[in-house]
Every structure is written in C-alpha cells, then in structure tokens.
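So this one's my_file_6.csv, CSV, C-alpha atoms:
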```csv
chain,number,residue,atom,x,y,z
A,1,MET,CA,-20.3,-20.5,1.3
A,2,THR,CA,-21.3,-18.8,-1.9
A,3,TRP,CA,-19.4,-18.8,-5.3
A,4,THR,CA,-19.3,-15.0,-5.1
A,5,LEU,CA,-17.4,-15.2,-1.9
A,6,VAL,CA,-15.0,-17.8,-3.3
A,7,PHE,CA,-14.1,-15.5,-6.2
A,8,VAL,CA,-14.0,-12.3,-4.1
A,9,LEU,CA,-11.7,-14.1,-1.6
A,10,ALA,CA,-9.5,-15.2,-4.4
A,11,ALA,CA,-9.3,-11.8,-5.9
A,12,GLY,CA,-8.6,-10.1,-2.5
A,13,ALA,CA,-5.9,-12.6,-1.5
A,14,TYR,CA,-4.2,-12.3,-4.8
A,15,ALA,CA,-4.4,-8.5,-4.7
A,16,PHE,CA,-2.3,-8.5,-1.5
A,17,LYS,CA,0.3,-10.9,-3.0
A,18,VAL,CA,0.6,-9.0,-6.3
A,19,THR,CA,0.8,-5.6,-4.6
A,20,GLY,CA,3.7,-6.6,-2.5
A,21,LEU,CA,5.7,-8.6,-5.1
A,22,VAL,CA,5.0,-6.8,-8.4
A,23,ILE,CA,3.5,-3.4,-7.8
A,24,LEU,CA,5.4,-2.0,-4.8
A,25,GLY,CA,8.5,-4.1,-5.4
A,26,GLY,CA,11.6,-3.8,-3.1
A,27,ARG,CA,10.3,-0.9,-1.0
A,28,THR,CA,10.2,-1.1,2.8
A,29,LEU,CA,7.3,-0.1,5.1
A,30,PRO,CA,7.6,2.2,8.1
A,31,PRO,CA,8.8,0.1,11.1
A,32,VAL,CA,5.6,0.8,13.0
A,33,VAL,CA,3.4,-0.6,10.2
A,34,ASP,CA,5.7,-3.6,9.9
A,35,ARG,CA,5.5,-4.3,13.7
A,36,CYS,CA,1.7,-4.1,13.7
A,37,LEU,CA,1.2,-6.2,10.6
A,38,ALA,CA,3.4,-8.9,12.1
A,39,LEU,CA,1.0,-9.2,15.0
A,40,ILE,CA,-2.1,-9.8,13.0
A,41,PRO,CA,-1.9,-13.6,12.9
A,42,ALA,CA,-1.4,-13.9,16.7
A,43,ALA,CA,-4.4,-11.7,17.4
A,44,VAL,CA,-6.8,-12.9,14.7
A,45,ILE,CA,-6.1,-16.6,15.0
A,46,THR,CA,-6.6,-16.5,18.8
A,47,ALA,CA,-9.9,-14.8,18.2
A,48,LEU,CA,-10.9,-17.6,15.8
A,49,VAL,CA,-10.0,-20.2,18.4
A,50,MET,CA,-12.3,-18.4,20.9
A,51,LYS,CA,-15.2,-18.1,18.5
A,52,ASP,CA,-15.0,-21.7,17.3
A,53,THR,CA,-14.7,-23.1,20.9
A,54,PHE,CA,-16.9,-20.9,23.1
A,55,SER,CA,-19.7,-19.7,20.9
A,56,THR,CA,-22.7,-20.8,18.9
A,57,GLY,CA,-23.9,-17.9,16.8
A,58,ARG,CA,-24.0,-15.0,19.2
A,59,ASP,CA,-24.3,-17.1,22.4
A,60,LEU,CA,-21.2,-17.8,24.6
A,61,VAL,CA,-21.4,-21.5,25.5
A,62,LEU,CA,-19.2,-24.0,27.3
A,63,ASP,CA,-19.5,-27.6,25.9
A,64,ALA,CA,-17.5,-30.6,24.8
A,65,ARG,CA,-15.5,-28.4,22.4
A,66,ALA,CA,-13.7,-26.8,25.3
A,67,ILE,CA,-12.3,-30.1,26.4
A,68,GLY,CA,-11.1,-30.8,22.9
A,69,ILE,CA,-9.3,-27.5,22.7
A,70,ALA,CA,-7.7,-28.0,26.1
A,71,VAL,CA,-6.3,-31.3,24.7
A,72,ALA,CA,-5.2,-29.5,21.5
A,73,VAL,CA,-3.4,-26.8,23.6
A,74,VAL,CA,-1.5,-29.4,25.6
A,75,ALA,CA,-0.7,-31.3,22.4
A,76,ALA,CA,0.6,-28.1,20.7
A,77,TRP,CA,2.6,-27.2,23.8
A,78,ARG,CA,4.2,-30.7,23.7
A,79,ARG,CA,5.1,-29.9,20.0
A,80,VAL,CA,3.0,-32.7,18.6
A,81,PRO,CA,2.7,-32.4,14.8
A,82,LEU,CA,-0.1,-30.3,13.5
A,83,ILE,CA,-2.3,-33.1,12.1
A,84,ALA,CA,-2.0,-35.0,15.5
A,85,VAL,CA,-3.1,-31.8,17.3
A,86,ILE,CA,-6.3,-31.8,15.2
A,87,VAL,CA,-7.0,-35.5,15.6
A,88,LEU,CA,-6.4,-35.4,19.4
A,89,GLY,CA,-8.7,-32.4,19.8
A,90,ALA,CA,-11.4,-33.9,17.6
A,91,ALA,CA,-11.2,-37.3,19.3
A,92,ALA,CA,-11.4,-35.8,22.8
A,93,THR,CA,-14.5,-33.8,21.8
A,94,ALA,CA,-16.1,-36.9,20.3
A,95,LEU,CA,-15.3,-38.9,23.4
A,96,VAL,CA,-16.9,-36.3,25.7
A,97,ARG,CA,-20.0,-36.2,23.6
A,98,LEU,CA,-20.2,-40.0,23.6
A,99,ILE,CA,-20.1,-40.3,27.4
A,100,SER,CA,-22.1,-37.2,28.4
B,101,MET,CA,28.6,-19.3,-10.8
B,102,SER,CA,31.0,-21.3,-8.6
B,103,ARG,CA,32.7,-24.5,-9.8
B,104,ASP,CA,30.6,-27.0,-7.9
B,105,GLU,CA,27.3,-25.7,-9.3
B,106,HIS,CA,25.7,-28.0,-11.8
B,107,PRO,CA,24.1,-26.1,-14.7
B,108,LEU,CA,20.9,-28.2,-14.3
B,109,TRP,CA,19.6,-27.2,-10.9
B,110,TRP,CA,17.8,-30.5,-10.2
B,111,ARG,CA,21.1,-32.3,-10.5
B,112,ASP,CA,23.0,-29.9,-8.3
B,113,GLU,CA,24.2,-31.8,-5.3
B,114,SER,CA,24.5,-28.7,-3.2
B,115,LEU,CA,20.8,-28.0,-3.5
B,116,ARG,CA,19.7,-31.6,-2.5
B,117,PRO,CA,19.2,-30.9,1.2
B,118,MET,CA,17.1,-27.8,0.4
B,119,MET,CA,14.9,-29.8,-2.0
B,120,VAL,CA,14.4,-32.6,0.5
B,121,ALA,CA,13.4,-30.0,3.1
B,122,CYS,CA,11.0,-28.3,0.7
B,123,LEU,CA,9.3,-31.6,-0.2
B,124,THR,CA,9.0,-32.7,3.4
B,125,LEU,CA,7.4,-29.3,4.3
B,126,SER,CA,5.0,-29.5,1.3
B,127,ALA,CA,3.9,-33.0,2.1
B,128,ALA,CA,3.2,-31.9,5.7
B,129,VAL,CA,1.2,-29.0,4.5
B,130,GLY,CA,-0.7,-31.4,2.2
B,131,VAL,CA,-1.9,-33.2,5.3
B,132,PHE,CA,-3.1,-29.9,6.7
B,133,GLY,CA,-4.9,-29.4,3.3
B,134,VAL,CA,-6.8,-32.6,4.2
B,135,SER,CA,-8.0,-31.0,7.4
B,136,PHE,CA,-9.0,-27.9,5.5
B,137,GLY,CA,-11.0,-30.1,3.1
B,138,VAL,CA,-12.8,-31.9,6.0
B,139,ALA,CA,-13.5,-28.7,7.9
B,140,SER,CA,-14.7,-26.8,4.9
B,141,VAL,CA,-17.3,-29.3,3.8
B,142,SER,CA,-18.3,-29.8,7.5
B,143,ALA,CA,-19.0,-26.1,7.6
B,144,GLY,CA,-21.3,-26.3,4.7
B,145,SER,CA,-19.2,-25.7,1.5
B,146,SER,CA,-19.5,-28.1,-1.4
B,147,VAL,CA,-16.6,-30.3,-2.5
B,148,LEU,CA,-16.2,-28.2,-5.6
B,149,GLN,CA,-16.2,-24.9,-3.7
B,150,THR,CA,-13.7,-26.3,-1.2
B,151,CYS,CA,-11.3,-27.3,-4.0
B,152,ALA,CA,-11.8,-23.9,-5.8
B,153,ILE,CA,-10.9,-22.1,-2.6
B,154,SER,CA,-7.6,-24.0,-2.2
B,155,LEU,CA,-6.8,-23.6,-5.9
B,156,LEU,CA,-7.6,-19.9,-6.2
B,157,VAL,CA,-7.1,-18.4,-2.7
B,158,PHE,CA,-4.1,-20.5,-1.8
B,159,THR,CA,-3.3,-19.1,1.6
B,160,GLY,CA,-4.2,-21.4,4.5
B,161,ALA,CA,-5.1,-19.2,7.4
B,162,SER,CA,-7.4,-17.0,5.3
B,163,GLN,CA,-9.1,-20.0,3.8
B,164,PHE,CA,-9.8,-21.5,7.3
B,165,SER,CA,-11.0,-18.1,8.6
B,166,ALA,CA,-13.5,-17.4,5.8
B,167,VAL,CA,-15.0,-20.9,5.9
B,168,SER,CA,-15.2,-20.9,9.7
B,169,VAL,CA,-17.0,-17.5,9.8
B,170,ILE,CA,-19.4,-18.5,7.1
B,171,GLY,CA,-20.0,-21.8,8.8
B,172,SER,CA,-21.1,-20.1,12.1
B,173,GLY,CA,-23.5,-17.9,10.2
B,174,GLY,CA,-21.4,-14.8,9.7
B,175,SER,CA,-22.0,-12.3,6.9
B,176,PHE,CA,-20.2,-12.1,3.5
B,177,GLY,CA,-18.4,-8.9,4.7
B,178,SER,CA,-17.2,-10.3,8.0
B,179,ALA,CA,-16.0,-13.5,6.4
B,180,LEU,CA,-14.2,-11.5,3.7
B,181,GLY,CA,-12.8,-9.0,6.2
B,182,GLY,CA,-11.3,-11.6,8.6
B,183,ALA,CA,-9.7,-13.5,5.7
B,184,MET,CA,-8.2,-10.3,4.2
B,185,LEU,CA,-6.7,-9.3,7.6
B,186,LEU,CA,-4.8,-12.7,7.5
B,187,ALA,CA,-4.0,-12.3,3.8
B,188,ALA,CA,-2.3,-8.9,4.4
B,189,ARG,CA,1.0,-10.4,5.5
B,190,ASN,CA,1.5,-12.0,2.1
B,191,GLY,CA,1.8,-8.4,0.8
B,192,VAL,CA,4.7,-7.9,3.2
B,193,TYR,CA,6.3,-11.2,2.1
B,194,GLY,CA,5.9,-9.9,-1.5
B,195,LEU,CA,7.9,-6.8,-0.6
B,196,ALA,CA,10.7,-9.0,0.8
B,197,MET,CA,10.6,-11.5,-2.1
B,198,SER,CA,10.5,-9.0,-5.0
B,199,ARG,CA,14.3,-8.6,-5.0
B,200,ARG,CA,14.8,-12.3,-5.2
B,201,ILE,CA,12.2,-13.1,-8.0
B,202,GLU,CA,13.5,-12.1,-11.4
B,203,GLY,CA,11.9,-12.6,-14.8
B,204,SER,CA,9.0,-11.3,-17.0
B,205,LEU,CA,5.9,-9.7,-15.7
B,206,GLY,CA,3.9,-12.9,-16.4
B,207,LEU,CA,6.4,-14.9,-14.3
B,208,ARG,CA,6.2,-12.5,-11.5
B,209,MET,CA,2.4,-12.5,-11.5
B,210,LEU,CA,2.6,-16.3,-11.2
B,211,ALA,CA,5.2,-16.0,-8.4
B,212,ALA,CA,2.8,-13.7,-6.6
B,213,GLN,CA,0.2,-16.5,-6.2
B,214,MET,CA,2.8,-18.6,-4.5
B,215,THR,CA,4.0,-15.8,-2.1
B,216,ILE,CA,2.9,-17.2,1.3
B,217,ASP,CA,4.4,-18.2,4.7
B,218,GLU,CA,6.1,-21.4,3.6
B,219,THR,CA,7.6,-20.3,0.3
B,220,THR,CA,9.0,-17.1,1.8
B,221,ALA,CA,10.4,-18.9,4.8
B,222,MET,CA,12.1,-21.6,2.7
B,223,SER,CA,13.5,-19.0,0.3
B,224,VAL,CA,15.0,-16.5,2.8
B,225,ALA,CA,16.6,-19.4,4.7
B,226,GLN,CA,18.9,-20.1,1.7
B,227,PRO,CA,22.4,-18.8,1.6
B,228,ASP,CA,22.7,-17.2,-1.9
B,229,PRO,CA,20.3,-15.6,-4.5
B,230,ARG,CA,20.3,-18.6,-6.8
B,231,ALA,CA,19.3,-21.1,-4.1
B,232,GLN,CA,16.7,-18.6,-2.8
B,233,ARG,CA,15.1,-18.3,-6.2
B,234,ILE,CA,15.1,-22.1,-6.7
B,235,ALA,CA,13.8,-22.7,-3.2
B,236,PHE,CA,10.9,-20.3,-3.8
B,237,TRP,CA,9.8,-21.9,-7.0
B,238,PHE,CA,10.4,-25.5,-5.9
B,239,THR,CA,8.5,-25.0,-2.6
B,240,GLY,CA,5.7,-23.1,-4.4
B,241,VAL,CA,5.0,-25.8,-7.0
B,242,ALA,CA,5.3,-28.7,-4.5
B,243,LEU,CA,3.1,-26.9,-2.0
B,244,TYR,CA,0.5,-26.0,-4.6
B,245,PHE,CA,0.3,-29.6,-5.7
B,246,PHE,CA,0.1,-31.1,-2.1
B,247,TRP,CA,-2.2,-28.5,-0.7
B,248,ASN,CA,-4.8,-29.0,-3.4
B,249,LEU,CA,-4.4,-32.8,-3.5
B,250,GLY,CA,-4.9,-32.8,0.4
B,251,THR,CA,-7.9,-30.5,0.0
B,252,LEU,CA,-9.6,-32.8,-2.5
B,253,ILE,CA,-9.0,-35.9,-0.3
B,254,GLY,CA,-10.3,-34.1,2.8
B,255,ALA,CA,-13.4,-32.7,1.0
B,256,LEU,CA,-14.4,-36.1,-0.3
B,257,ALA,CA,-13.8,-37.8,3.1
B,258,GLY,CA,-15.5,-35.0,5.0
B,259,ASN,CA,-18.5,-35.2,2.8
B,260,ALA,CA,-19.1,-38.7,3.9
B,261,LEU,CA,-19.0,-38.0,7.6
B,262,ASP,CA,-21.3,-36.2,10.2
B,263,PRO,CA,-19.1,-33.4,11.6
B,264,THR,CA,-20.2,-33.5,15.2
B,265,THR,CA,-20.0,-37.3,15.6
B,266,TYR,CA,-16.3,-37.4,15.2
B,267,GLY,CA,-15.6,-34.0,16.8
B,268,LEU,CA,-14.8,-32.6,13.4
B,269,ASP,CA,-16.3,-29.2,14.3
B,270,VAL,CA,-13.2,-29.0,16.5
B,271,ALA,CA,-10.9,-29.5,13.5
B,272,PHE,CA,-10.9,-25.7,12.9
B,273,PRO,CA,-10.0,-24.4,16.4
B,274,ALA,CA,-7.6,-27.3,17.0
B,275,GLY,CA,-5.9,-26.5,13.7
B,276,PHE,CA,-5.8,-22.8,14.7
B,277,VAL,CA,-4.2,-23.7,18.0
B,278,ALA,CA,-1.5,-25.6,16.2
B,279,MET,CA,-0.9,-22.7,13.8
B,280,LEU,CA,-0.9,-20.2,16.7
B,281,TRP,CA,1.7,-21.9,18.9
B,282,PRO,CA,4.9,-21.1,16.9
B,283,LEU,CA,3.7,-17.5,16.7
B,284,LEU,CA,3.8,-17.0,20.5
B,285,THR,CA,7.5,-17.0,20.9
B,286,ASP,CA,7.8,-13.3,21.8
B,287,ALA,CA,6.1,-11.3,24.5
B,288,ARG,CA,4.4,-8.9,22.1
B,289,ALA,CA,2.8,-11.6,20.1
B,290,ARG,CA,1.5,-13.2,23.3
B,291,LEU,CA,0.1,-9.9,24.5
B,292,ALA,CA,-1.6,-9.4,21.1
B,293,ALA,CA,-3.0,-12.9,21.2
B,294,LEU,CA,-4.4,-12.4,24.7
B,295,LEU,CA,-6.0,-9.1,23.8
B,296,GLY,CA,-7.3,-10.4,20.5
B,297,GLY,CA,-8.9,-13.4,22.2
B,298,ALA,CA,-10.4,-11.2,25.0
B,299,VAL,CA,-11.9,-8.6,22.5
B,300,CYS,CA,-13.5,-11.5,20.6
B,301,VAL,CA,-15.1,-13.1,23.6
B,302,VAL,CA,-16.5,-9.7,24.8
B,303,ALA,CA,-17.8,-8.9,21.4
B,304,ILE,CA,-19.5,-12.2,20.6
B,305,PRO,CA,-22.8,-11.5,22.5
B,306,ILE,CA,-23.0,-7.9,21.4
B,307,THR,CA,-22.0,-7.7,17.7
B,308,PRO,CA,-23.1,-9.6,14.6
B,309,VAL,CA,-21.4,-13.0,13.9
B,310,GLY,CA,-18.0,-12.5,12.3
B,311,VAL,CA,-17.5,-8.9,13.6
B,312,PRO,CA,-15.6,-10.1,16.7
B,313,ILE,CA,-12.9,-11.5,14.5
B,314,LEU,CA,-12.5,-8.1,12.8
B,315,LEU,CA,-12.4,-6.3,16.1
B,316,SER,CA,-9.7,-8.6,17.5
B,317,ALA,CA,-7.3,-7.1,14.9
B,318,LEU,CA,-7.3,-4.0,17.1
B,319,ALA,CA,-4.9,-5.9,19.3
B,320,VAL,CA,-2.1,-5.3,16.8
B,321,LEU,CA,-1.9,-1.8,18.2
B,322,VAL,CA,0.4,-3.4,20.7
B,323,GLY,CA,3.0,-3.1,18.0
B,324,VAL,CA,2.8,0.7,17.9
B,325,ARG,CA,5.2,1.0,20.8
B,326,ARG,CA,8.9,0.2,20.1
B,327,PRO,CA,9.9,-3.3,21.3
B,328,ARG,CA,12.2,-2.1,24.1
B,329,GLU,CA,9.4,-0.1,25.7
B,330,VAL,CA,7.2,-3.2,26.2
B,331,ALA,CA,7.9,-5.1,29.4
B,332,SER,CA,7.9,-8.9,28.9
```
Show how you would write the structure in this file as structure tokens.
Amino acid sequence: MTWTLVFVLAAGAYAFKVTGLVILGGRTLPPVVDRCLALIPAAVITALVMKDTFSTGRDLVLDARAIGIAVAVVAAWRRVPLIAVIVLGAAATALVRLIS
Amino acid sequence: MSRDEHPLWWRDESLRPMMVACLTLSAAVGVFGVSFGVASVSAGSSVLQTCAISLLVFTGASQFSAVSVIGSGGSFGSALGGAMLLAARNGVYGLAMSRRIEGSLGLRMLAAQMTIDETTAMSVAQPDPRAQRIAFWFTGVALYFFWNLGTLIGALAGNALDPTTYGLDVAFPAGFVAMLWPLLTDARARLAALLGGAVCVVAIPITPVGVPILLSALAVLVGVRRPREVAS
C-alpha cells in the first residue's frame, strides 16, 4: 500500500459519491445501466473470494484457506453474524494448518 | 409538521425506534471495521495508512478490495480499478438520495462522503422525508465514528499478530463471503456471481495480478437482458 494509492482511492471514491448526489442530482439512469450496475457487487465480490482463496500470485492453489472458506460459506448460509463468519473461517484455516 | 412531532428531533419519540436501529447497525459495522483493520495491516499496510483509508475512502467493499489486491502483489492500476468498480454504486445511491438531502452546497458535499450502502438503506426505509433526512445524517455520523474506531482497534491488534498463524489471511475472503450472501437473493445476481467467479479463476494464471478482478465485472452484462427474459 502506498500513500499515493490511499489518496487516489479517496479521491476516486468521493468522485462517485459527489457525482451522484451533488452534480447529477435527481436524474435517473437508463434501466439497462441501472440493472448492470446493480450486479457489480455480486460479480466482483465473488471474484475477490476466488482470488483470496484459490491463488497465490498468479498460481492457482488449493490449501488450508479452502477449508476456511467452506466453513465461512456454511456459516453465512446459516445466517451467522458477519464477524462470526470471519472468526469461524479464520479459526478453521488456522486449525488445518496446525494439524497438517 | 404533524402534532406529535417534537421540534427537537433527538427528543421526538416517533424517531426513537429508527435511532436505535441506526445505532445498532453502526455498532455492527464498527465490528466489521475491526476486521478491515486487521486484514489491512496483515496485507502490508501501516496502521496510519489503514486508518487514513477508512477516514478518507469510507466505503467498505472498495477498501477491502484495494487492500486485498495490493496485498497479493497487484499493481496500482488494478487495485484502483477493482475498488472503483465497487465504488460506482455509491454514485447510484447519490442519485436516489439527492431529492432527500437539502441544504447548502457545503452540506451536500459532506453528505456525499456519507452516501454508502448503510446510510442509503436506513434512509429509504423511513416513511416520510423528515425521518429520511434524519436517518441519513444520524446513520452517517454514527457509522463514520464506529467504522473508524473499529479500524483503529483492528489495525493496532493486527499489527501485533502474525496473519497466517491465526488464519487471518482468510479474514478477507470470509468477510467477502458474508457480504456476498445477502446479495444472492435473485437469480440474476447468482448468475453474475457465478460468471464473475469463473472468469476470475480462468484469468488468474494468464493475466497480471489484480486484472482478474477487473475482468470479472464483465459478468454484469447479465443485466443487459430484461428480467423476465432470464430463466431462473
């Protein structure tokens, strides 16, 4: 993490917020744009899960993290609170590393 | 103004349940802030950088994404690109909120920083414009406080730990799983998630680090078709 990135991230994130709220104001977007934008979190967050679980740099790997994520998925499915999902996932991974 | 409205909003009985809900939500998000703090320092950011990100960027998913991509060796551009894809929805929230937020330009510029998932959700859930406005500001201020306090606590705690020993490197993906779950309520979102994940896995060995995250956004093209044409 560099300070330049911290500030560019801040400026970029704020630019989106201020464009919607202050600059464009109460206008509406074409329905097709609305529909596509609404799907960004599902697509991108799933990709982040895949990257953080099954890769190290540019290599696809299967290790203790996969067990942790499997536990996290079950926890999320059982509607366990967010912080507990994280703790369970981390604990399962740590346990697998300990015994393997 | 109806008769039962107290002129001082914080003494208005009719707004109490909303304020309790906002505070509860904000405190819960503060706990998530702790996990951001831990994950961010585990991925190589300093405590000061971690706190600056929460103070200045103030939009959870983008923060997690940027720190995660940088932590796995991604470039400046790919970290920024992924975070901006996730920040784009705040612009859409801004469009929806602009009718509800009145006041001077300065006040609206301040409101913009607080235009995120939680403030928008709490505001639009209220029955009348006054309650919507109060819910937005109340949630915004409470959330800003708890998110940044949580980040500081997490960053200080994470700094003292070795990330892999306690499985803290899984804090990111496990947190993402928890964020993802409520999004998968409709068939299109599930399809977009499936495609986004698949594109990422295929792209990991063949593109530079961070680029698979950008490519996964192509899955939003699922939304081009009208809802009734997509079989679920």
Proximity of chain A to chain B: per-residue shortest pair, 7 Å limit, only C-alpha atoms, as JSON lines:
```
{"residue": "A:Met1", "atom": "CA", "partner": "B:Ser145", "partner_atom": "CA", "distance": 5.3}
{"residue": "A:Leu5", "atom": "CA", "partner": "B:Phe176", "partner_atom": "CA", "distance": 6.8}
{"residue": "A:Val6", "atom": "CA", "partner": "B:Ile153", "partner_atom": "CA", "distance": 6.0}
{"residue": "A:Leu9", "atom": "CA", "partner": "B:Val157", "partner_atom": "CA", "distance": 6.4}
{"residue": "A:Ala10", "atom": "CA", "partner": "B:Val157", "partner_atom": "CA", "distance": 4.3}
{"residue": "A:Gly12", "atom": "CA", "partner": "B:Met184", "partner_atom": "CA", "distance": 6.7}
{"residue": "A:Ala13", "atom": "CA", "partner": "B:Ala187", "partner_atom": "CA", "distance": 5.6}
{"residue": "A:Tyr14", "atom": "CA", "partner": "B:Gln213", "partner_atom": "CA", "distance": 6.2}
{"residue": "A:Phe16", "atom": "CA", "partner": "B:Gly191", "partner_atom": "CA", "distance": 4.7}
{"residue": "A:Lys17", "atom": "CA", "partner": "B:Gly191", "partner_atom": "CA", "distance": 4.8}
{"residue": "A:Val18", "atom": "CA", "partner": "B:Ala212", "partner_atom": "CA", "distance": 5.2}
{"residue": "A:Thr19", "atom": "CA", "partner": "B:Gly191", "partner_atom": "CA", "distance": 6.2}
{"residue": "A:Gly20", "atom": "CA", "partner": "B:Gly194", "partner_atom": "CA", "distance": 4.1}
{"residue": "A:Leu21", "atom": "CA", "partner": "B:Gly194", "partner_atom": "CA", "distance": 3.8}
{"residue": "A:Val22", "atom": "CA", "partner": "B:Arg208", "partner_atom": "CA", "distance": 6.6}
{"residue": "A:Leu24", "atom": "CA", "partner": "B:Leu195", "partner_atom": "CA", "distance": 6.9}
{"residue": "A:Gly25", "atom": "CA", "partner": "B:Ser198", "partner_atom": "CA", "distance": 5.3}
{"residue": "A:Gly26", "atom": "CA", "partner": "B:Leu195", "partner_atom": "CA", "distance": 5.4}
{"residue": "A:Arg27", "atom": "CA", "partner": "B:Leu195", "partner_atom": "CA", "distance": 6.4}
{"residue": "A:Val32", "atom": "CA", "partner": "B:Val324", "partner_atom": "CA", "distance": 5.6}
{"residue": "A:Arg35", "atom": "CA", "partner": "B:Gly323", "partner_atom": "CA", "distance": 5.1}
{"residue": "A:Cys36", "atom": "CA", "partner": "B:Gly323", "partner_atom": "CA", "distance": 4.6}
{"residue": "A:Leu37", "atom": "CA", "partner": "B:Arg189", "partner_atom": "CA", "distance": 6.6}
{"residue": "A:Leu39", "atom": "CA", "partner": "B:Val320", "partner_atom": "CA", "distance": 5.3}
{"residue": "A:Ile40", "atom": "CA", "partner": "B:Val320", "partner_atom": "CA", "distance": 5.9}
{"residue": "A:Pro41", "atom": "CA", "partner": "B:Leu186", "partner_atom": "CA", "distance": 6.2}
{"residue": "A:Ala42", "atom": "CA", "partner": "B:Ala293", "partner_atom": "CA", "distance": 4.9}
{"residue": "A:Ala43", "atom": "CA", "partner": "B:Ala293", "partner_atom": "CA", "distance": 4.2}
{"residue": "A:Val44", "atom": "CA", "partner": "B:Ala317", "partner_atom": "CA", "distance": 5.8}
{"residue": "A:Ile45", "atom": "CA", "partner": "B:Phe276", "partner_atom": "CA", "distance": 6.2}
{"residue": "A:Thr46", "atom": "CA", "partner": "B:Gly297", "partner_atom": "CA", "distance": 5.1}
{"residue": "A:Ala47", "atom": "CA", "partner": "B:Gly297", "partner_atom": "CA", "distance": 4.4}
{"residue": "A:Leu48", "atom": "CA", "partner": "B:Ile313", "partner_atom": "CA", "distance": 6.5}
{"residue": "A:Val49", "atom": "CA", "partner": "B:Pro273", "partner_atom": "CA", "distance": 4.7}
{"residue": "A:Met50", "atom": "CA", "partner": "B:Gly297", "partner_atom": "CA", "distance": 6.2}
{"residue": "A:Asp52", "atom": "CA", "partner": "B:Pro273", "partner_atom": "CA", "distance": 5.8}
{"residue": "A:Thr53", "atom": "CA", "partner": "B:Pro273", "partner_atom": "CA", "distance": 6.6}
{"residue": "A:Gly57", "atom": "CA", "partner": "B:Ser172", "partner_atom": "CA", "distance": 5.9}
{"residue": "A:Arg58", "atom": "CA", "partner": "B:Pro305", "partner_atom": "CA", "distance": 5.0}
{"residue": "A:Asp59", "atom": "CA", "partner": "B:Pro305", "partner_atom": "CA", "distance": 5.8}
{"residue": "A:Leu60", "atom": "CA", "partner": "B:Pro305", "partner_atom": "CA", "distance": 6.8}
{"residue": "A:Arg65", "atom": "CA", "partner": "B:Val270", "partner_atom": "CA", "distance": 6.4}
{"residue": "A:Gly68", "atom": "CA", "partner": "B:Val270", "partner_atom": "CA", "distance": 7.0}
{"residue": "A:Ile69", "atom": "CA", "partner": "B:Ala274", "partner_atom": "CA", "distance": 6.0}
{"residue": "A:Ala72", "atom": "CA", "partner": "B:Ala274", "partner_atom": "CA", "distance": 5.6}
{"residue": "A:Val73", "atom": "CA", "partner": "B:Val277", "partner_atom": "CA", "distance": 6.5}
{"residue": "A:Ala76", "atom": "CA", "partner": "B:Ala278", "partner_atom": "CA", "distance": 5.6}
{"residue": "A:Leu82", "atom": "CA", "partner": "B:Ala278", "partner_atom": "CA", "distance": 5.6}
{"residue": "A:Ile83", "atom": "CA", "partner": "B:Phe132", "partner_atom": "CA", "distance": 6.3}
{"residue": "A:Val85", "atom": "CA", "partner": "B:Ala274", "partner_atom": "CA", "distance": 6.4}
{"residue": "A:Ile86", "atom": "CA", "partner": "B:Ala274", "partner_atom": "CA", "distance": 5.0}
{"residue": "A:Gly89", "atom": "CA", "partner": "B:Ala274", "partner_atom": "CA", "distance": 5.9}
{"residue": "A:Ala90", "atom": "CA", "partner": "B:Gly267", "partner_atom": "CA", "distance": 4.3}
{"residue": "A:Ala91", "atom": "CA", "partner": "B:Gly267", "partner_atom": "CA", "distance": 6.0}
{"residue": "A:Thr93", "atom": "CA", "partner": "B:Gly267", "partner_atom": "CA", "distance": 5.1}
{"residue": "A:Ala94", "atom": "CA", "partner": "B:Gly267", "partner_atom": "CA", "distance": 4.6}
```
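In this structure, CA of Gly250 (chain B) sits 7.2 Å away from CA of Gly137 (chain B).
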Pairwise distance, CA of Leu207 (chain B) with CA of Arg233 (chain B), equals 12.4 Å
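Taking CA of Ser175 (chain B) and CA of Val147 (chain B) as the two end points, the separation is 21.0 Å.
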Distance criterion (only C-alpha atoms): nearest to Thr251 (chain B) out of B:Val138, B:Leu108, B:Ala287, B:Ala221:
B:Val138
Enclose region 52-56 of chain A, meaning all of its atoms listed in the file, in a box aligned along x, y and z, pad it by 4 Å on each side, and list the centre and edge lengths in Å to one decimal, as lines of an AutoDock Vina configuration file.
```
center_x = -18.7
center_y = -21.4
center_z = 20.2
size_x = 16.0
size_y = 11.4
size_z = 13.8
```
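Considering only C-alpha atoms, the residue among A:Ala15, A:Leu62, A:Ala38, A:Leu88 positioned nearest to Val74 (chain A) is A:Leu88.
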